[in-house]
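Report on the structure given below.
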Amino acid sequence: MDAAGPSRGTGCSLCERLSYVVEWGELWTLALNLNQNLPGRCVLVLNRHSVDVRDLGPEEWVDLRAWIRRTASALDALLVPDGYNYAFLMNWDAHVHLHVVPRYAGSRELAGHTFSDPHFGGLFGTESVALPPEAMEELRSAIRACLPGPTS
């Protein structure tokens, strides 16, 4: 697991401790979602503390778009999803972050597990799958290896 960058003293879990970071950027950080019910679920986390998407500046929106493209490109190469959902949920963590959720019409194999997407074509489910740390590290490394060049 990775610890977050410099502590900001906000008490926010995404500011203070972020696990399974794939890549740190200047404005956004890509990390694995701890719930891997849909293989490759990631989050793009704003590097400054903010609780409202409406507070994002123009440069942050532009950089977010580049991160979305890079993330989807890596997941396309690695897991070949049939589509994506993107969601600013912020129900559990009051910090701006975007969920990147690959969707699958058929089953996928990852880390010795077979995954299915029973909600394909609708809202993604809330089932929780916690992969062992070794599998999370392997997935993180594989996504990192497939990421196209930097966002800038």
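Convention: chains lettered A, B, ... in structure tokens order; per-chain residue numbering from 1; ligands numbered from 1 as shown.
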| request: Identify, on the basis of only C-alpha atoms, every residue whose closest approach to region 85-94 of chain A does not exceed 10 Å; exclude the query and any residue fewer than 6 positions from it along the same chain; express the result as a ChimeraX atom specification. | output: /A:12-15,41-44,49-53,68,100-103,122-124
| request: List every residue of chain A that DSSP, applied to the backbone of this structure, places in alpha helix (DSSP H), and write the result as a count of residues only. | output: 40
| message | Residues within 9 Å of Leu34 (chain A), please, as an MDAnalysis selection string. Count only C-alpha atoms; anything in the same chain fewer than 4 positions from it doesn't count. | response | chainID A and resid 19:20 41:42 128:131 136
| message | Show me, as an MDAnalysis selection string, the residues that have an atom within 10 Å of Phe120 (chain A) when counting only C-alpha atoms, minus same-chain residues fewer than 6 positions from it. | response | chainID A and resid 82:83 103:106
Those selected residues, please, written with N, CA and C atoms and delivered as a PDB file, in the first residue's frame.
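Saved as again08.pdb:
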ATOM      1  N   ASP A  82     -16.114  -3.571 -21.697  1.00  0.00           N
ATOM      2  CA  ASP A  82     -17.101  -3.297 -22.746  1.00  0.00           C
ATOM      3  C   ASP A  82     -17.681  -1.896 -22.633  1.00  0.00           C
ATOM      4  N   GLY A  83     -17.318  -1.171 -21.608  1.00  0.00           N
ATOM      5  CA  GLY A  83     -17.792   0.196 -21.403  1.00  0.00           C
ATOM      6  C   GLY A  83     -17.304   0.701 -20.062  1.00  0.00           C
ATOM      7  N   ARG A 103     -16.899  -1.695 -17.127  1.00  0.00           N
ATOM      8  CA  ARG A 103     -18.078  -2.564 -17.157  1.00  0.00           C
ATOM      9  C   ARG A 103     -17.847  -3.711 -18.134  1.00  0.00           C
ATOM     10  N   TYR A 104     -18.428  -4.860 -17.826  1.00  0.00           N
ATOM     11  CA  TYR A 104     -18.150  -6.087 -18.569  1.00  0.00           C
ATOM     12  C   TYR A 104     -19.434  -6.824 -18.942  1.00  0.00           C
ATOM     13  N   ALA A 105     -19.583  -7.115 -20.230  1.00  0.00           N
ATOM     14  CA  ALA A 105     -20.736  -7.878 -20.709  1.00  0.00           C
ATOM     15  C   ALA A 105     -20.578  -9.360 -20.367  1.00  0.00           C
ATOM     16  N   GLY A 106     -19.345  -9.820 -20.241  1.00  0.00           N
ATOM     17  CA  GLY A 106     -19.066 -11.212 -19.892  1.00  0.00           C
ATOM     18  C   GLY A 106     -18.132 -11.282 -18.709  1.00  0.00           C
TER      19      GLY A 106
END
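As for CA of Glu23 (chain A) and CA of Pro150 (chain A), they are spaced 9.7 Å apart.
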| A:Gly11, A:Gly25, A:Gly57, A:Gly149 ranked by distance to Arg69 (chain A), top pick (using only C-alpha atoms) | A:Gly149
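For the residues A:Asp63, A:Leu18, A:Gly40, A:Gly125, ranking by smallest atom-to-atom distance to Ala77 (chain A) using only C-alpha atoms places A:Gly40 first.
Atom to atom, CA of Tyr84 (chain A) and CA of Ala72 (chain A) stand 8.2 Å apart.
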| request: Write down as JSON, numbers by chain the residues belonging to region 55-128 of chain A that are assigned strand (DSSP E) by DSSP computed on the backbone. | output: {"A": [83, 84, 85, 86, 87, 97, 98, 99, 100, 101, 102, 103, 108, 109, 110, 113, 114, 115]}
| task | Mind checking which residues fall within 9 Å of Ser73 (chain A), counting only C-alpha atoms, ignoring those fewer than 5 positions away in the same chain, and posting them as a ChimeraX atom specification? | result | /A:68,78,146-148
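Coordinates place CA of Arg70 (chain A) at a distance of 25.6 Å from CA of Thr114 (chain A).
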| Asn47 (chain A): which residues within 7 Å, counting only C-alpha atoms, same-chain residues fewer than 2 positions away excluded, as JSON, numbers by chain? | {"A": [27, 28, 29, 45, 49]}
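You can rank A:Asp55, A:Phe115, A:Gly121, A:Pro39 by their closest distance to Asp76 (chain A) using only C-alpha atoms, and at the top of that list sits A:Pro39.
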